[in-house]
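Report on the structure given below.
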Amino acid sequence: MKSKMILDRIPYQFCEGPFWGNGKMGTVLYIRNGNLCVSIDHVGLWELRETMPDEPRATFPRILQNKEAYLSGGPDYVADTNIFEEHIGRTRLPALAVELELPGEVADFRSETDLEKAQTRIHLELADGRKIVSRVWLDSCVNILGMEFEGEAGKELAVHALGWDLESPRLSTLKNWNYEPCTQRQGHDGFTVIQYFGGEMSAVLCGAKQVTEDGLFLAVGIETAPQDQERRLEEEGRRLALEYVGNKDAFLAEHEKDWAAYWKGFCITVPNERLQEAFEQEMYKLYCNEREDSSPITLQGVWNPDNRMPAWYGDLHNDLNVQSCYWPAYKTGNVRLVRPYIEYYSRAIPRLEKRAWKLFGIRDAIHAPVMMAPDGTGAASEWCYWNTLLGPELFVAVDFTWFYEYSKEKDTLREQIYPFVEKVIHLYQGIACEKEDGYLHIPFTTSPEIDRDGHMLMADDATFTLSSLHYLCRKMADYAALIGKDGSVFLEWEAKLAPVKTNEKGFPLYDGIDVFGSHRHFCQLYPIFPLCQEAHNEVADRSLDTAINQGFLEYAAFSFPYMGIMAARCGRGNMCRTMLEIYCMVFRSRNSFTVNGDPYQNGVLRISDTNAGESSDAFTLESGFFIPTALCEMFVHRAGADVWMLMGIPDEWKDCSCEDLTIEGGHRISIWQENYRIRKAVVKAAYEEKLSFHWKGDVPVKRVLKNGKEVSCFDSQGGILVCPGDEWILEYERRN
C-alpha cells in the first residue's frame, strides 16, 4: 500500500497544489483570486517560430580565435536570448485553464492523492462553514480530466474555461507577439475554448458537465493541431467529453487498471518514511509524464502554469536536466517509457545535422543545442551562447546507449541508436586536433556548470568530454559487431584520442585543472555515473572526496541527490541517505516540485540569488527523479561485469528490500535484507553474459538455485553465467 500524498494548506501558488498527468496532458489545482483554478496543459503547446536569421553569428573556428569575446557574449559571436521582450525565439507555452467560481471564501483545504490509483480526494471548507468535497483524476488512457463535486455546494459551482489572459503582466510576451484572445463557447452542458498559437496552431479545450442529484461532474480534455483541423478537434473533443460523462465508471476502471499495471512492475521498501514517500511520489510523477506514445520530458514536464511563461523556456535541456528524467525508468524496468525520447531525437537528426554544418562546417555530424525544442531547433534563440556550446550531443548519445543496454532491442540499435551515435562521434572526429604528444585533443570543451573569472570555465579535454567519447567509441565497436558492421574504425580513433587522466585527487575537471571550488554538476565524475564504469575503487573514492571537500555553497537542487548516487557507488550508504534527505527537506515545494537555490532559507547554500533569478513559483522536475534513481543504486548497481548488491544501504537500515529493479542487460534483481544482513537475492536474467556478484557484509551463500533446482556452479568470485529466461536465487546464511 502506497502512502497518500497529503497537502493540507490552501494552495495559493501553482507549485503548492495536487497534480495529475498522463504523458500528453497535465493538470495542477490551486486557488486563484478566491476561485478553484485547474491548469490544463498539453505537450503540444510550443511556440516554434524565430525571426532571427538561421545562421550562427560566428563559426566554431572563428570562436576558437576569439574566445574571450565569445565567453563575454559579444553580439558578433552569439545571438540574444531575451525572447520574452522581442519575438526572436522558441519556448514552451503556458497551459490553458478551467476556473470554478466558489460560493464563498476558502478557509481550509486538504487533498489526499492515492498514488496507486492516481486519484485525489479534495476537501474544501468555506468561511461560512459549508464544505465542498470532490474527487479528481486525469484519465491514464484518454485525455480527460474528471472532477466530481458532491452535494449541494458542488452544484453551485460556476464553471468557466479560460484561454490566455493577454492583459496579465506575466503573459505580456504573448501580447507583444500579437497573439489573439481565445474564442470561447459556453453552453448549459459544456464549453469549448480555442486558443491560437505558434502562427498556425490551435489548442482546443473541450468540457462537458452534468448536474445530478449527488452533485456535479465535469469532464475536460485538450488537444493541439494545425488550425485547419480545429473543427475536427472540437467535434472529437466534445464527443469524448460527453461520452466520458455518460460512461465514467467504465473509463475509470481502465484508468485504475493501467496504473495498477505500472506499480506492479517494481517495488522498494526502506525504513525511512521521508525517502519512501519521495520514491513513491517521484515514480508517480514519472508515469504522469512518460508514456510510450507521448513526448520527451521538458523542464516542467506536463505541468506548465497557465498564468506565466514557463521558467527557463520550459525546454528540453540537453544535459543532466533531461537525462536524469529517464534514469528511474530504466532502473525500475520501464525502458519502454523512454521510447519517445529516442523517437523525437531521431526525427530531429536532419536539423541537428544542419547545426553541425552551419556551426562547425562538418557534414554527416550531429550537434545538439543545450536548450532544445521538439524539432531539434534551439529553444530561446537558435544561435545564442548556450546553444553554441560543445557537449549536449554527448549527453544525448549516452542516453541512446542506455536505451540499448537496458532494452537490448537490436532493431532500435540498428535503425536509430547506431546512426545517431555515429554522427555524434563524427562531429568530434572533425573537431579533434593533434598536439605534440601525438594524441588527438578536443578544443574548448565545457564541464557544466563551473565558473571562473566571471564566466563559464572552458578549456581543452574536459574529463566529461573525453570519458564520454572513449565510452561511446567502445560501445560502438561492440554495437557494430552486433549488426554486422566493421567497428574497428571506432577503436582506431579512440586509440589516438587523449586518455582520461587521473591524479591524487581523482578525476580532474580538465587535464591539468583540478576541482577548485564548490559547484553543481560534477561532470568530472561522469565516468562513475552515468557512464557506470567506476565503482568501489580508489579513483572513485578520491574523486568523491575531492568534490566533498569543496563544500556545498554553490550546489543546486540536483547536486545533493546526484552526489548521493556517487556515494552509493562508492559504498557510502550513510552519505547517500544524508544527501537525499537534504534534497527532500530543502529543495521541494509543498507539492514536491523542485525549487532552486535556498528559497525557504534552510541555510544550506550561499545566500545569493536564491531561486536562480526566478520567482518562487518556478520549478523543475529533473532533480526529483534523482531520488528513485539513487535509491535503486543503493540496492543494486553495475560496473562492467560486476554487480554490487546493498552496497549503498545505510548502516541504520535494519530491514529493507527491492523487487524487480533493473540493471544493464535488462536483468531484474530482487534483494531482501533482514537484521542488517543480506538474506536473499533473485536474478531474472534477460541477456546471456557472465556476471560477478558482490554484496555488503561478509555473509556466506547458503545455497544457489537455478530455475528451482539447487546448483553448485556459483564460483568463488560470485560469478554466474546467466542466460535469458533463467531465474537464479541466492540464499544466504542467517546470523546465529
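Residues in the C-alpha cells are named by chain (A, B, ... in the order shown) and by number from 1 within that chain; ligands are numbered from 1 in the order shown.
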Once you count only C-alpha atoms, what closest atom pair and distance in Å to one decimal does each residue of region 461-578 of chain A within 6 Å of region 429-446 of chain A have, with rows by chain and rising residue number, as CSV?
residue,atom,partner,partner_atom,distance
A:Asp461,CA,A:Ile442,CA,5.3
A:Ala462,CA,A:Thr445,CA,5.8
A:Lys496,CA,A:Tyr439,CA,5.3
A:Leu497,CA,A:Leu440,CA,4.6
A:Ala498,CA,A:Tyr439,CA,5.1
Would you mind exporting the chosen residues as a PDB file, in the first residue's frame, restricted to N, CA, C and O atoms?
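What follows is the written file out.pdb:
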ATOM      1  N   ASP A 461      39.821  19.331 -23.547  1.00  0.00           N
ATOM      2  CA  ASP A 461      39.832  17.998 -22.937  1.00  0.00           C
ATOM      3  C   ASP A 461      39.172  17.907 -21.571  1.00  0.00           C
ATOM      4  O   ASP A 461      39.764  17.432 -20.593  1.00  0.00           O
ATOM      5  N   ALA A 462      37.938  18.351 -21.474  1.00  0.00           N
ATOM      6  CA  ALA A 462      37.184  18.128 -20.240  1.00  0.00           C
ATOM      7  C   ALA A 462      37.073  16.628 -19.976  1.00  0.00           C
ATOM      8  O   ALA A 462      36.892  15.826 -20.906  1.00  0.00           O
ATOM      9  N   LYS A 496      43.800   6.937 -30.644  1.00  0.00           N
ATOM     10  CA  LYS A 496      44.518   8.191 -30.888  1.00  0.00           C
ATOM     11  C   LYS A 496      44.021   9.321 -29.978  1.00  0.00           C
ATOM     12  O   LYS A 496      44.693  10.350 -29.860  1.00  0.00           O
ATOM     13  N   LEU A 497      42.866   9.128 -29.366  1.00  0.00           N
ATOM     14  CA  LEU A 497      42.265  10.174 -28.545  1.00  0.00           C
ATOM     15  C   LEU A 497      42.991  10.289 -27.211  1.00  0.00           C
ATOM     16  O   LEU A 497      43.351   9.276 -26.601  1.00  0.00           O
ATOM     17  N   ALA A 498      43.179  11.504 -26.755  1.00  0.00           N
ATOM     18  CA  ALA A 498      43.839  11.725 -25.464  1.00  0.00           C
ATOM     19  C   ALA A 498      43.141  10.918 -24.371  1.00  0.00           C
ATOM     20  O   ALA A 498      41.908  10.894 -24.302  1.00  0.00           O
TER      21      ALA A 498
END
Name the residues in contact with region 312-320 of chain A at a cut-off of 6 Å, using only C-alpha atoms, excluding same-chain residues fewer than 4 positions from it; report them as a VMD selection string.
chain A and resid 91 to 92 298 to 300 324 370 to 372 392 395
Could you dump the residues just selected with all heavy atoms as a short mmCIF file (atom, residue, chain, number, x, y, z; two decimals), in the first residue's frame?
data_model
loop_
_atom_site.label_atom_id
_atom_site.label_comp_id
_atom_site.auth_asym_id
_atom_site.auth_seq_id
_atom_site.Cartn_x
_atom_site.Cartn_y
_atom_site.Cartn_z
N THR A 91 9.85 28.70 -27.29
CA THR A 91 9.62 28.39 -25.88
C THR A 91 8.38 27.52 -25.74
O THR A 91 7.50 27.51 -26.61
CB THR A 91 9.42 29.68 -25.07
OG1 THR A 91 9.21 29.36 -23.69
CG2 THR A 91 8.23 30.48 -25.56
N ARG A 92 8.33 26.76 -24.67
CA ARG A 92 7.08 26.14 -24.27
C ARG A 92 6.11 27.24 -23.91
O ARG A 92 6.50 28.32 -23.46
CB ARG A 92 7.29 25.23 -23.05
CG ARG A 92 7.68 23.82 -23.38
CD ARG A 92 6.52 22.99 -23.93
NE ARG A 92 5.88 22.22 -22.89
CZ ARG A 92 4.57 22.04 -22.79
NH1 ARG A 92 3.75 22.60 -23.63
NH2 ARG A 92 4.06 21.31 -21.82
N THR A 298 10.14 17.77 -20.70
CA THR A 298 10.76 19.09 -20.66
C THR A 298 11.00 19.49 -19.21
O THR A 298 10.70 18.73 -18.28
CB THR A 298 9.85 20.11 -21.35
OG1 THR A 298 8.55 20.05 -20.75
CG2 THR A 298 9.71 19.81 -22.84
N LEU A 299 11.52 20.69 -18.99
CA LEU A 299 11.91 21.09 -17.64
C LEU A 299 10.76 21.02 -16.65
O LEU A 299 10.93 20.63 -15.50
CB LEU A 299 12.48 22.51 -17.65
CG LEU A 299 13.89 22.65 -18.24
CD1 LEU A 299 14.29 24.11 -18.29
CD2 LEU A 299 14.91 21.84 -17.46
N GLN A 300 9.56 21.45 -17.07
CA GLN A 300 8.39 21.39 -16.19
C GLN A 300 7.44 20.25 -16.58
O GLN A 300 6.36 20.13 -16.00
CB GLN A 300 7.63 22.72 -16.21
CG GLN A 300 8.34 23.85 -15.49
CD GLN A 300 9.37 24.55 -16.37
OE1 GLN A 300 9.14 24.79 -17.54
NE2 GLN A 300 10.52 24.88 -15.82
N SER A 324 18.47 12.89 -16.56
CA SER A 324 18.09 12.28 -15.29
C SER A 324 16.61 11.93 -15.23
O SER A 324 16.20 11.12 -14.39
CB SER A 324 18.44 13.23 -14.14
OG SER A 324 17.76 14.46 -14.27
N VAL A 370 21.93 23.15 -26.27
CA VAL A 370 21.65 22.91 -24.86
C VAL A 370 20.15 22.99 -24.61
O VAL A 370 19.55 22.13 -23.95
CB VAL A 370 22.38 23.92 -23.96
CG1 VAL A 370 21.91 23.80 -22.51
CG2 VAL A 370 23.89 23.71 -24.03
N MET A 371 19.53 24.05 -25.14
CA MET A 371 18.10 24.30 -24.93
C MET A 371 17.38 23.98 -26.23
O MET A 371 17.53 24.69 -27.22
CB MET A 371 17.87 25.75 -24.51
CG MET A 371 18.69 26.15 -23.30
SD MET A 371 18.49 27.89 -22.80
CE MET A 371 19.14 28.76 -24.22
N MET A 372 16.57 22.92 -26.24
CA MET A 372 16.04 22.41 -27.49
C MET A 372 14.53 22.36 -27.50
O MET A 372 13.89 22.05 -26.50
CB MET A 372 16.60 21.01 -27.77
CG MET A 372 16.47 20.56 -29.22
SD MET A 372 17.18 18.92 -29.49
CE MET A 372 15.72 17.89 -29.25
N PRO A 392 26.30 19.04 -25.50
CA PRO A 392 24.95 18.49 -25.31
C PRO A 392 24.70 17.19 -26.07
O PRO A 392 24.01 16.29 -25.57
CB PRO A 392 24.05 19.62 -25.83
CG PRO A 392 24.85 20.85 -25.65
CD PRO A 392 26.28 20.46 -25.88
N PHE A 395 25.65 14.10 -24.04
CA PHE A 395 24.63 13.67 -23.09
C PHE A 395 23.58 12.81 -23.80
O PHE A 395 23.19 11.75 -23.31
CB PHE A 395 23.94 14.89 -22.46
CG PHE A 395 24.77 15.63 -21.46
CD1 PHE A 395 25.42 16.80 -21.80
CD2 PHE A 395 24.90 15.16 -20.16
CE1 PHE A 395 26.18 17.49 -20.87
CE2 PHE A 395 25.65 15.85 -19.22
CZ PHE A 395 26.30 17.02 -19.57
#
Excluding same-chain residues fewer than 4 positions from region 261-267 of chain A, what lies within 7 Å of it counting only C-alpha atoms, as number ranges by chain?
A: 116, 257, 332, 658-661
Measuring between only C-alpha atoms, which one of A:Cys584, A:Met147, A:Val193, A:Met201 shows the shortest distance to Gly163 (chain A)?
A:Val193
Fewer than 3 positions away in the same chain doesn't count, so skip those; otherwise give me all residues within 9 Å of Leu275 (chain A), counting only C-alpha atoms, as a list in words.
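Final neighbour list, sorted by chain and number: Val270, Pro271, Asn272, Ala278, Phe279, Glu280, Arg577, Leu580, Glu581, Cys584, Ile627, Pro628 and Leu631 of chain A.
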Tell me, which residues of region 377-550 of chain A carry DSSP helix (DSSP H, G or I), written as a PyMOL selection string?
chain A and resi 386-388+392-407+410-431+463-482+488-496+523-525+538-549
Which one is closest to Leu491 (chain A): A:Phe217, A:Tyr179, A:Tyr196, A:Tyr471? Count only C-alpha atoms.
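Looking at the shortest contact to Leu491 (chain A), the residue is A:Tyr471.
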Distance CA of Phe516 (chain A)-CA of Val500 (chain A), one decimal place?
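Between CA of Phe516 (chain A) and CA of Val500 (chain A) the gap works out to 18.5 Å.
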